[in-house]
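**Q** My structure file run-v4.csv, CSV, C-alpha atoms, is below:
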chain,number,residue,atom,x,y,z
A,1,MET,CA,20.3,27.1,3.1
A,2,ILE,CA,16.5,27.0,2.5
A,3,THR,CA,14.9,26.7,5.9
A,4,ASP,CA,11.3,26.2,4.9
A,5,VAL,CA,10.0,22.8,3.8
A,6,LYS,CA,6.9,21.7,2.0
A,7,LEU,CA,5.1,18.5,3.1
A,8,GLY,CA,2.5,16.3,1.6
A,9,LEU,CA,0.1,14.2,3.7
A,10,ILE,CA,-1.2,10.8,2.7
A,11,GLY,CA,-4.1,9.9,4.9
A,12,ALA,CA,-6.4,12.3,6.7
A,13,GLY,CA,-8.1,10.2,9.4
A,14,GLU,CA,-8.1,11.2,13.0
A,15,TRP,CA,-4.3,11.2,13.4
A,16,GLY,CA,-3.8,12.7,10.0
A,17,ARG,CA,-5.9,15.6,10.9
A,18,ASN,CA,-3.7,16.1,14.0
A,19,TYR,CA,-0.8,16.5,11.6
A,20,ILE,CA,-2.8,19.1,9.6
A,21,HIS,CA,-3.7,21.2,12.7
A,22,THR,CA,-0.2,20.9,14.1
A,23,ILE,CA,1.6,21.9,10.9
A,24,GLU,CA,-0.6,25.0,10.5
A,25,ASN,CA,1.0,26.3,13.7
A,26,ILE,CA,4.6,25.6,12.9
A,27,LYS,CA,6.7,28.2,11.2
A,28,LYS,CA,9.0,27.1,8.3
A,29,VAL,CA,6.7,24.1,7.5
A,30,GLN,CA,4.0,24.3,4.8
A,31,LEU,CA,1.5,21.6,4.0
A,32,THR,CA,0.8,21.7,0.3
A,33,SER,CA,-1.3,18.7,-0.5
A,34,ILE,CA,-3.4,15.9,1.1
A,35,CYS,CA,-4.4,12.5,-0.2
A,36,SER,CA,-7.9,11.4,1.1
A,37,ARG,CA,-11.0,9.8,-0.2
A,38,ASN,CA,-13.2,11.2,2.5
A,39,PRO,CA,-15.6,13.8,1.1
A,40,LYS,CA,-15.5,15.6,4.5
A,41,VAL,CA,-11.8,16.2,4.0
A,42,LEU,CA,-12.4,17.6,0.6
A,43,LYS,CA,-15.1,20.0,1.9
A,44,LYS,CA,-13.1,21.2,4.9
A,45,TYR,CA,-9.6,21.6,3.4
A,46,SER,CA,-9.9,22.0,-0.4
A,47,HIS,CA,-9.8,25.8,-0.1
A,48,LYS,CA,-6.3,25.5,1.6
A,49,TYR,CA,-4.7,22.5,0.0
A,50,LYS,CA,-4.7,20.4,-3.2
A,51,ILE,CA,-6.7,17.3,-2.4
A,52,HIS,CA,-5.9,14.0,-4.2
A,53,SER,CA,-7.9,10.8,-4.0
A,54,ASN,CA,-4.9,8.6,-5.1
A,55,TRP,CA,-1.6,8.7,-3.3
A,56,LYS,CA,0.5,8.1,-6.4
A,57,GLU,CA,-1.1,11.1,-8.0
A,58,LEU,CA,0.0,13.3,-5.1
A,59,ILE,CA,3.6,11.9,-5.3
A,60,ASP,CA,3.7,12.3,-9.1
A,61,GLU,CA,2.7,16.0,-8.7
A,62,GLY,CA,5.8,16.4,-6.6
A,63,ASN,CA,5.0,19.7,-4.8
A,64,PHE,CA,6.7,18.7,-1.6
A,65,ASP,CA,10.1,18.1,0.1
A,66,GLY,CA,8.9,15.2,2.2
A,67,LEU,CA,5.8,13.1,2.9
A,68,ILE,CA,3.8,12.1,6.0
A,69,ILE,CA,2.1,8.8,5.7
A,70,ALA,CA,-0.8,8.4,8.1
A,71,THR,CA,-2.8,5.6,6.4
A,72,PRO,CA,-3.9,2.2,7.8
A,73,THR,CA,-1.1,-0.1,8.8
A,74,ASP,CA,-1.7,-2.6,6.1
A,75,THR,CA,-0.9,0.0,3.4
A,76,HIS,CA,2.3,1.3,4.9
A,77,ILE,CA,4.9,-1.0,3.3
A,78,LYS,CA,3.6,-0.5,-0.2
A,79,ILE,CA,3.7,3.3,0.1
A,80,MET,CA,7.1,3.3,2.0
A,81,ASP,CA,8.7,1.1,-0.7
A,82,TYR,CA,7.5,3.4,-3.5
A,83,CYS,CA,8.7,6.6,-1.7
A,84,ILE,CA,12.1,5.2,-0.6
A,85,ASN,CA,12.9,4.0,-4.1
A,86,LEU,CA,12.2,7.5,-5.3
A,87,ARG,CA,14.4,8.9,-2.5
A,88,ILE,CA,11.5,10.8,-0.9
A,89,PRO,CA,11.9,11.6,2.8
A,90,ILE,CA,9.1,10.1,4.8
A,91,LEU,CA,7.5,10.3,8.2
A,92,ILE,CA,5.5,7.2,8.8
A,93,GLU,CA,2.8,6.5,11.4
A,94,LYS,CA,3.4,3.5,13.7
A,95,PRO,CA,3.4,0.6,13.5
A,96,ILE,CA,5.2,0.4,10.1
A,97,THR,CA,3.9,-3.1,9.7
A,98,LYS,CA,2.7,-6.2,11.6
A,99,TYR,CA,5.1,-8.5,9.9
A,100,LEU,CA,8.8,-8.8,10.9
A,101,ASP,CA,10.0,-9.9,7.4
A,102,GLU,CA,8.4,-6.8,5.9
A,103,ALA,CA,10.0,-4.6,8.5
A,104,GLU,CA,13.4,-6.1,7.9
A,105,ASN,CA,13.1,-5.9,4.2
A,106,ILE,CA,12.0,-2.2,4.1
A,107,PHE,CA,14.9,-1.3,6.4
A,108,ASP,CA,17.3,-3.0,4.0
A,109,ILE,CA,15.8,-1.0,1.1
A,110,ALA,CA,16.1,2.3,3.0
A,111,LYS,CA,19.7,1.5,4.0
A,112,ASN,CA,20.6,0.8,0.4
A,113,LYS,CA,18.9,3.9,-0.9
A,114,ASN,CA,20.2,6.2,1.9
A,115,GLY,CA,16.6,6.9,2.8
A,116,ILE,CA,15.4,9.6,5.2
A,117,VAL,CA,12.7,7.8,7.3
A,118,LEU,CA,11.2,8.9,10.6
A,119,VAL,CA,8.6,6.8,12.5
A,120,ASP,CA,5.9,8.3,14.7
A,121,HIS,CA,6.9,6.8,18.0
A,122,ILE,CA,5.3,9.9,19.4
A,123,HIS,CA,6.4,9.5,23.1
A,124,LEU,CA,10.0,9.6,22.2
A,125,TYR,CA,9.5,13.2,21.1
A,126,HIS,CA,7.7,14.3,24.3
A,127,PRO,CA,9.9,16.9,26.1
A,128,SER,CA,9.4,15.1,29.4
A,129,PHE,CA,10.4,11.7,28.0
A,130,LYS,CA,13.4,13.4,26.5
A,131,LYS,CA,14.2,14.9,29.9
A,132,LEU,CA,13.8,11.5,31.6
A,133,LYS,CA,16.4,10.0,29.1
A,134,LYS,CA,18.7,12.9,29.9
A,135,ILE,CA,18.6,12.6,33.7
A,136,TYR,CA,17.9,9.0,34.6
A,137,SER,CA,21.6,8.1,34.8
A,138,ASN,CA,22.1,10.6,37.6
A,139,TYR,CA,20.1,8.3,39.9
A,140,GLY,CA,22.0,5.0,39.4
A,141,LYS,CA,21.3,1.7,37.8
A,142,ILE,CA,17.8,0.8,36.4
A,143,TYR,CA,16.5,-2.3,38.0
A,144,SER,CA,13.2,-2.6,36.3
A,145,ILE,CA,10.7,-0.8,34.0
A,146,ARG,CA,7.0,-0.7,34.5
A,147,SER,CA,4.5,0.6,32.0
A,148,VAL,CA,0.7,0.8,32.0
A,149,SER,CA,-1.1,2.3,29.0
A,150,GLY,CA,-4.4,2.1,27.2
A,151,GLY,CA,-7.9,3.2,27.0
A,152,LEU,CA,-11.3,2.3,25.7
A,153,GLY,CA,-10.5,1.8,22.1
A,154,PRO,CA,-9.6,2.3,19.4
A,155,PHE,CA,-11.2,-0.8,17.9
A,156,ARG,CA,-9.9,-1.5,14.4
A,157,LYS,CA,-10.3,-4.4,12.1
A,158,GLU,CA,-6.9,-4.2,10.6
A,159,THR,CA,-4.8,-3.3,13.7
A,160,ARG,CA,-5.4,-4.8,17.1
A,161,ALA,CA,-4.4,-3.3,20.4
A,162,LEU,CA,-1.2,-5.3,20.5
A,163,TRP,CA,0.1,-3.1,17.7
A,164,ASP,CA,-1.8,0.1,18.5
A,165,TRP,CA,-0.8,0.4,22.1
A,166,GLY,CA,2.1,-2.0,22.5
A,167,THR,CA,4.2,-0.3,19.9
A,168,HIS,CA,4.6,2.8,22.0
A,169,ASP,CA,5.6,1.0,25.2
A,170,VAL,CA,8.1,-1.3,23.6
A,171,ALA,CA,9.7,1.6,21.6
A,172,MET,CA,10.1,3.5,24.8
A,173,CYS,CA,11.8,0.6,26.5
A,174,ILE,CA,14.2,-0.2,23.7
A,175,ASP,CA,15.0,3.5,23.4
A,176,ILE,CA,16.0,3.6,27.1
A,177,ILE,CA,17.9,0.3,27.5
A,178,LYS,CA,19.5,0.4,24.0
A,179,ASP,CA,18.8,-3.3,23.7
A,180,VAL,CA,16.1,-5.6,22.2
A,181,PRO,CA,14.7,-7.4,25.3
A,182,GLU,CA,13.8,-11.1,25.3
A,183,LEU,CA,10.2,-12.1,26.0
A,184,ILE,CA,9.8,-14.1,29.1
A,185,GLU,CA,6.0,-14.5,29.1
A,186,ALA,CA,2.8,-12.9,27.7
A,187,ASN,CA,-0.8,-13.4,28.7
A,188,TYR,CA,-4.2,-11.9,28.2
A,189,ILE,CA,-5.7,-10.0,31.1
A,190,SER,CA,-9.0,-9.7,29.2
A,191,ARG,CA,-10.4,-10.2,25.7
A,192,CYS,CA,-13.6,-9.2,24.0
A,193,PHE,CA,-15.3,-10.1,20.7
A,194,GLU,CA,-18.5,-8.2,20.1
A,195,LYS,CA,-19.5,-7.5,16.4
A,196,GLU,CA,-16.9,-4.9,15.3
A,197,LYS,CA,-15.3,-4.7,18.7
A,198,PHE,CA,-12.0,-6.6,19.0
A,199,GLY,CA,-10.6,-5.7,22.4
A,200,GLU,CA,-7.7,-7.0,24.5
A,201,ILE,CA,-5.6,-6.1,27.5
A,202,ILE,CA,-2.2,-7.8,27.4
A,203,LYS,CA,0.4,-8.3,30.1
A,204,ALA,CA,4.0,-9.0,29.0
A,205,ARG,CA,7.2,-9.6,30.9
A,206,LEU,CA,10.6,-9.1,29.2
A,207,LEU,CA,14.2,-9.2,30.2
A,208,SER,CA,17.1,-7.2,28.7
A,209,LYS,CA,20.6,-8.5,28.3
A,210,ASN,CA,21.8,-6.6,31.3
A,211,LYS,CA,19.0,-8.1,33.4
A,212,ILE,CA,16.5,-5.2,33.5
A,213,GLU,CA,13.1,-6.6,34.0
A,214,ILE,CA,10.3,-5.0,32.0
A,215,ASN,CA,6.6,-5.4,32.9
A,216,LEU,CA,4.1,-4.0,30.4
A,217,ILE,CA,0.3,-3.8,30.6
A,218,PHE,CA,-1.5,-2.3,27.7
A,219,GLY,CA,-4.7,-2.6,25.7
A,220,ASN,CA,-8.0,-1.1,24.4
A,221,LEU,CA,-10.4,-2.3,27.1
A,222,MET,CA,-9.5,0.0,29.9
A,223,SER,CA,-12.3,2.2,31.4
A,224,LYS,CA,-10.3,5.4,30.9
A,225,LYS,CA,-7.1,6.5,29.2
A,226,ARG,CA,-3.9,5.7,31.0
A,227,LYS,CA,-0.2,6.3,30.4
A,228,ILE,CA,2.4,5.6,33.0
A,229,PHE,CA,6.1,4.7,32.3
A,230,GLU,CA,8.4,4.1,35.3
A,231,LEU,CA,12.1,3.5,35.7
A,232,HIS,CA,12.8,1.8,39.1
A,233,GLN,CA,16.2,2.6,40.5
A,234,MET,CA,18.0,2.0,43.8
A,235,ASN,CA,15.9,4.1,46.1
A,236,SER,CA,13.7,6.1,43.8
A,237,LEU,CA,11.7,6.0,40.6
A,238,LEU,CA,11.2,8.3,37.6
A,239,ARG,CA,7.7,8.4,36.3
A,240,TYR,CA,6.7,9.7,32.9
A,241,GLN,CA,2.9,10.4,33.0
A,242,PRO,CA,2.0,12.6,30.0
A,243,LEU,CA,-1.7,12.6,30.7
A,244,LYS,CA,-1.2,14.5,34.0
A,245,LYS,CA,-0.2,18.1,34.6
A,246,ASN,CA,3.0,17.0,36.4
A,247,ASN,CA,4.1,14.7,33.5
A,248,LEU,CA,7.5,13.9,34.8
A,249,ILE,CA,8.2,13.2,38.5
A,250,ARG,CA,10.8,11.5,40.7
A,251,GLU,CA,9.7,9.7,43.8
A,252,VAL,CA,12.4,9.1,46.5
A,253,PHE,CA,11.9,6.3,49.0
A,254,GLU,CA,13.8,7.0,52.2
A,255,THR,CA,12.0,4.5,54.4
A,256,GLU,CA,9.2,2.1,53.8
A,257,ASN,CA,6.7,4.7,55.1
A,258,LYS,CA,8.1,7.9,53.7
A,259,LYS,CA,8.0,9.0,50.1
A,260,ASP,CA,9.0,12.4,48.7
A,261,SER,CA,8.0,13.5,45.2
A,262,ASP,CA,9.8,16.1,42.9
A,263,GLU,CA,8.2,17.6,39.8
A,264,LEU,CA,10.5,17.5,36.8
A,265,VAL,CA,8.3,18.9,34.0
A,266,SER,CA,10.3,20.2,31.1
A,267,GLU,CA,9.6,22.6,28.2
A,268,ASN,CA,6.0,23.2,27.0
A,269,ILE,CA,5.9,21.9,23.4
A,270,THR,CA,3.7,19.2,22.0
A,271,PRO,CA,5.5,15.9,20.9
A,272,LEU,CA,3.9,16.1,17.5
A,273,THR,CA,5.3,19.6,17.0
A,274,LYS,CA,8.7,18.3,18.0
A,275,LEU,CA,8.4,15.3,15.7
A,276,ILE,CA,7.5,17.5,12.7
A,277,GLU,CA,10.3,19.9,13.4
A,278,THR,CA,12.7,17.0,13.7
A,279,PHE,CA,11.5,15.8,10.2
A,280,ARG,CA,12.0,19.3,8.8
A,281,ILE,CA,15.6,19.3,10.0
A,282,ALA,CA,16.2,15.8,8.8
A,283,ILE,CA,15.1,16.8,5.3
A,284,LEU,CA,17.3,19.9,5.3
A,285,LYS,CA,20.4,18.2,6.6
A,286,LYS,CA,19.7,15.0,4.6
A,287,GLU,CA,20.0,12.9,7.8
A,288,THR,CA,20.0,9.2,6.9
A,289,ASP,CA,21.0,7.4,10.2
A,290,LEU,CA,17.7,5.4,10.1
A,291,TYR,CA,17.5,5.2,14.0
A,292,ASP,CA,13.7,5.5,14.0
A,293,LEU,CA,13.3,2.8,11.3
A,294,LYS,CA,15.7,0.3,13.0
A,295,LEU,CA,13.8,0.9,16.3
A,296,ALA,CA,10.6,0.1,14.4
A,297,VAL,CA,12.1,-3.2,13.2
A,298,ASP,CA,13.1,-4.1,16.8
A,299,VAL,CA,9.7,-3.2,18.1
A,300,THR,CA,8.1,-5.4,15.4
A,301,SER,CA,10.4,-8.2,16.5
A,302,VAL,CA,9.3,-7.9,20.2
A,303,LEU,CA,5.6,-7.6,19.4
A,304,ASP,CA,5.9,-10.6,17.0
A,305,GLN,CA,7.2,-12.6,19.9
A,306,ILE,CA,4.4,-11.5,22.1
A,307,SER,CA,1.8,-12.4,19.4
A,308,ILE,CA,3.3,-15.9,19.1
A,309,ALA,CA,3.3,-16.4,22.8
A,310,LEU,CA,-0.4,-15.3,23.1
A,311,ASP,CA,-1.4,-17.7,20.4
A,312,LYS,CA,0.4,-20.6,22.1
A,313,ASN,CA,-1.3,-19.8,25.3
A,314,LEU,CA,-4.7,-19.8,23.6
A,315,ASN,CA,-4.0,-23.1,21.9
A,316,ARG,CA,-3.1,-24.7,25.2
A,317,GLN,CA,-6.3,-23.5,26.8
A,318,ASN,CA,-8.3,-24.9,23.9
Kindly return the structure encoded in the file as structure tokens.

**A**
Amino acid sequence: MITDVKLGLIGAGEWGRNYIHTIENIKKVQLTSICSRNPKVLKKYSHKYKIHSNWKELIDEGNFDGLIIATPTDTHIKIMDYCINLRIPILIEKPITKYLDEAENIFDIAKNKNGIVLVDHIHLYHPSFKKLKKIYSNYGKIYSIRSVSGGLGPFRKETRALWDWGTHDVAMCIDIIKDVPELIEANYISRCFEKEKFGEIIKARLLSKNKIEINLIFGNLMSKKRKIFELHQMNSLLRYQPLKKNNLIREVFETENKKDSDELVSENITPLTKLIETFRIAILKKETDLYDLKLAVDVTSVLDQISIALDKNLNRQN
């Protein structure tokens, strides 16, 4: 079996460049070509990689085993559709789309074509989140989930914070509970419209079929970057906090006034490295289970519900 894979990259913005730097440090993965119209990308990387200004030209050249798509959200479906129909394995940046009908349609196409599609729900590939999934059942039933995430920005015209930040939190919840929760309520904590700055902090409450309550707070108007994801169980909680040194801990509540904390940090590997290595293996083994893509459809469904609820609340206020 050939164990090395060649990858092409469409989109070399901030996150696309993270892919470049990460791939350069992974054995058995080679980046061969990049699609970008940014002259800085051409200047910086043209001595290493073939640079294309048109993504179809990169695809037609065909010097790859799989493609990474890190372009703006509104371009995703068109590129995905083209690649899936050519049976090209793809790793796509989240969110795959902001429209539920598009998400459902691209899933059907991928299923019919036996597509290989991974989605960059990056926290699902963090070693500490993987460990949380592995051990949480040792501590009994989950009663509730709490998540707080965000920062100051990014501020994008085409993709608001609902999709930028909310995608991660909802994906993590669905991945844990193996269910698509129903939205109970959604409200704005704050909003901002200043020139190019479209900011929001959103609070959403959801409920799973087995009565796990989920409380999410996320947005791009927080004074500093935050990421906390907690599973509340009988007398303890598991907290995934990737921005801290101790990025997985368990807190045990023996009495109202006493609390013990255990550090549960797992292997030291970046989630993006783990994601790319997973993509490499999927290409080699021709894995077509489409779990990532189905999860992306479910996430789109939940965020669509939140968007509708937020709009209704605004209409009532006006």

**Q** Could you tell me which of A:Ile177, A:Leu264, A:Ala103, A:Val297 comes closest to Ile142 (chain A) if we count all atoms listed in the file?

**A** A:Ile177

**Q** Considering all atoms listed in the file, tabulate each residue of region 72-150 of chain A that lies at most 10 Å from region 8-29 of chain A along with its nearest interatomic pair and the corresponding distance in Å to one decimal; arrange the rows by chain and ascending residue number and present them as JSON lines.

**A**
{"residue": "A:Pro72", "atom": "CA", "partner": "A:Gly11", "partner_atom": "CA", "distance": 8.2}
{"residue": "A:Ile79", "atom": "CA", "partner": "A:Ile10", "partner_atom": "CA", "distance": 9.3}
{"residue": "A:Ile90", "atom": "CA", "partner": "A:Gly8", "partner_atom": "CA", "distance": 9.6}
{"residue": "A:Leu91", "atom": "CA", "partner": "A:Leu9", "partner_atom": "CA", "distance": 9.5}
{"residue": "A:Ile92", "atom": "CA", "partner": "A:Ile10", "partner_atom": "CA", "distance": 9.7}
{"residue": "A:Glu93", "atom": "CA", "partner": "A:Trp15", "partner_atom": "CA", "distance": 8.7}

**Q** For the selection you just gave me, I'd like the residues written to a file as a PDB file, in the frame of the given file, keeping C-alpha atoms.

**A**
ATOM      1  CA  PRO A  72      -3.900   2.200   7.800  1.00  0.00           C
ATOM      2  CA  ILE A  79       3.700   3.300   0.100  1.00  0.00           C
ATOM      3  CA  ILE A  90       9.100  10.100   4.800  1.00  0.00           C
ATOM      4  CA  LEU A  91       7.500  10.300   8.200  1.00  0.00           C
ATOM      5  CA  ILE A  92       5.500   7.200   8.800  1.00  0.00           C
ATOM      6  CA  GLU A  93       2.800   6.500  11.400  1.00  0.00           C
TER       7      GLU A  93
END

**Q** Using all atoms listed in the file, which residues sit within 10 Å of Lys312 (chain A) once same-chain residues fewer than 5 positions away are excluded, as a list in words?

**A**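 Once the nearby chain positions are removed, what remains is Ala186, Asn187, Ile306, Ser307, Gln317 and Asn318 of chain A.
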
**Q** Could the residues in this selection be saved with C-alpha atoms as a JSON list (two decimals), in the coordinates of the input?

**A**
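Wrote it out as part.json, contents follow:
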[["chain", "number", "residue", "atom", "x", "y", "z"],
["A", 186, "ALA", "CA", 2.80, -12.90, 27.70],
["A", 187, "ASN", "CA", -0.80, -13.40, 28.70],
["A", 306, "ILE", "CA", 4.40, -11.50, 22.10],
["A", 307, "SER", "CA", 1.80, -12.40, 19.40],
["A", 317, "GLN", "CA", -6.30, -23.50, 26.80],
["A", 318, "ASN", "CA", -8.30, -24.90, 23.90]]

**Q** Return the single residue from A:Glu57, A:Asn63, A:Val5, A:His121 that is closest to Thr32 (chain A), with distances computed using all atoms listed in the file.

**A**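 The answer is A:Asn63, which sits nearest to Thr32 (chain A).
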
**Q** If I take CA of Gly153 (chain A) and CA of Phe129 (chain A), how far is one from the other in Å, to one decimal?

**A**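 Result for CA of Gly153 (chain A) versus CA of Phe129 (chain A): 23.9 Å, one decimal.
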
**Q** Would you please work out which residue, of A:Lys98, A:Lys157, A:Lys209, A:Arg37, is nearest to Gln305 (chain A) when using all atoms listed in the file?

**A** A:Lys98

**Q** Name the residues in contact with region 279-293 of chain A at a cut-off of 7 Å, using all atoms listed in the file, excluding same-chain residues fewer than 3 positions from it; report them as an MDAnalysis selection string.

**A** chainID A and resid 5 89 107 114:119 275:276 296:297

**Q** Quick one, how far is CA of Ile212 (chain A) from CA of Ile145 (chain A)?

**A**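 These two atoms are separated by 7.3 Å.
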
**Q** One number please: CA of Glu158 (chain A) to CA of Phe198 (chain A), in Å, one decimal.

**A** 10.1 Å

**Q** Go ahead and find all residues with at least one atom no further than 12 Å from (5.2, -8.1, 10.3) in the file's coordinates, using all atoms listed in the file; report them as JSON, numbers by chain.

**A** {"A": [73, 74, 76, 77, 95, 96, 97, 98, 99, 100, 101, 102, 103, 104, 105, 106, 159, 163, 296, 297, 298, 299, 300, 301, 302, 303, 304, 305, 307, 308]}

**Q** From the set A:Lys111, A:Lys94, A:Lys227, A:Arg87, which residue has the shortest atom-to-atom contact distance to Ile69 (chain A), counting all atoms listed in the file?

**A**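 For Ile69 (chain A), the nearest of the candidates is A:Lys94.
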
**Q** Tell me which of A:Arg239, A:Lys225, A:Lys244, A:Lys78 sits closest to Pro154 (chain A), counting only C-alpha atoms.

**A**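 The closest residue to Pro154 (chain A) is A:Lys225.
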
**Q** Find the residues near Cys173 (chain A): any atom within 10 Å, counting only C-alpha atoms, skip ones fewer than 4 places away on the same chain, and give them as a ChimeraX atom specification.

**A** /A:145-147,168-169,177-181,208,214,216,229,231,299

**Q** Which protein, DNA or RNA residues are at most 10 Å from (3.8, 21.1, 25.9) in the file's coordinates when you count all atoms listed in the file, listed as a PyMOL selection string?

**A** chain A and resi 126-128+242+247+265-274

**Q** Taking into account only C-alpha atoms, which residue in the set A:Asp262, A:Glu277, A:Asp175, A:Glu254 is nearest to Lys133 (chain A)?

**A** A:Asp175

**Q** Would you fill the gaps in region 212-219 of chain A so it has all heavy atoms, then print it as a CSV table (one decimal), in the frame of the given file?

**A**
chain,number,residue,atom,x,y,z
A,212,ILE,N,17.6,-6.1,33.1
A,212,ILE,CA,16.5,-5.2,33.5
A,212,ILE,C,15.2,-5.9,33.2
A,212,ILE,O,15.0,-6.2,32.1
A,212,ILE,CB,16.6,-3.8,32.7
A,212,ILE,CG1,18.0,-3.1,33.1
A,212,ILE,CG2,15.4,-2.9,33.1
A,212,ILE,CD1,18.2,-1.9,32.2
A,213,GLU,N,14.4,-6.0,34.2
A,213,GLU,CA,13.1,-6.6,34.0
A,213,GLU,C,12.1,-5.6,33.6
A,213,GLU,O,12.0,-4.5,34.2
A,213,GLU,CB,12.6,-7.3,35.3
A,213,GLU,CG,11.3,-8.1,35.1
A,213,GLU,CD,10.9,-8.9,36.3
A,213,GLU,OE1,11.7,-9.7,36.8
A,213,GLU,OE2,9.7,-8.9,36.7
A,214,ILE,N,11.3,-5.9,32.6
A,214,ILE,CA,10.3,-5.0,32.0
A,214,ILE,C,8.9,-5.6,32.1
A,214,ILE,O,8.7,-6.7,31.6
A,214,ILE,CB,10.7,-4.7,30.5
A,214,ILE,CG1,12.0,-4.1,30.4
A,214,ILE,CG2,9.6,-3.8,29.9
A,214,ILE,CD1,12.6,-4.0,29.0
A,215,ASN,N,8.0,-4.9,32.7
A,215,ASN,CA,6.6,-5.4,32.9
A,215,ASN,C,5.7,-4.4,32.2
A,215,ASN,O,5.7,-3.2,32.5
A,215,ASN,CB,6.3,-5.5,34.4
A,215,ASN,CG,7.0,-6.6,35.0
A,215,ASN,OD1,6.6,-7.8,34.8
A,215,ASN,ND2,8.0,-6.3,35.8
A,216,LEU,N,5.0,-4.8,31.2
A,216,LEU,CA,4.1,-4.0,30.4
A,216,LEU,C,2.6,-4.5,30.5
A,216,LEU,O,2.4,-5.7,30.5
A,216,LEU,CB,4.5,-4.1,28.9
A,216,LEU,CG,5.9,-3.8,28.6
A,216,LEU,CD1,6.1,-4.0,27.1
A,216,LEU,CD2,6.4,-2.4,29.0
A,217,ILE,N,1.7,-3.6,30.7
A,217,ILE,CA,0.3,-3.8,30.6
A,217,ILE,C,-0.3,-2.8,29.7
A,217,ILE,O,-0.1,-1.6,29.9
A,217,ILE,CB,-0.4,-3.7,32.0
A,217,ILE,CG1,0.1,-4.8,32.9
A,217,ILE,CG2,-1.9,-3.9,31.8
A,217,ILE,CD1,-0.4,-4.7,34.4
A,218,PHE,N,-1.0,-3.3,28.6
A,218,PHE,CA,-1.5,-2.3,27.7
A,218,PHE,C,-2.7,-2.9,26.9
A,218,PHE,O,-2.8,-4.1,26.9
A,218,PHE,CB,-0.4,-1.9,26.6
A,218,PHE,CG,0.2,-3.1,25.9
A,218,PHE,CD1,-0.4,-3.6,24.7
A,218,PHE,CD2,1.3,-3.7,26.4
A,218,PHE,CE1,0.2,-4.7,24.1
A,218,PHE,CE2,1.9,-4.7,25.7
A,218,PHE,CZ,1.4,-5.2,24.6
A,219,GLY,N,-3.6,-2.1,26.5
A,219,GLY,CA,-4.7,-2.6,25.7
A,219,GLY,C,-5.8,-1.6,25.5
A,219,GLY,O,-5.7,-0.4,26.0
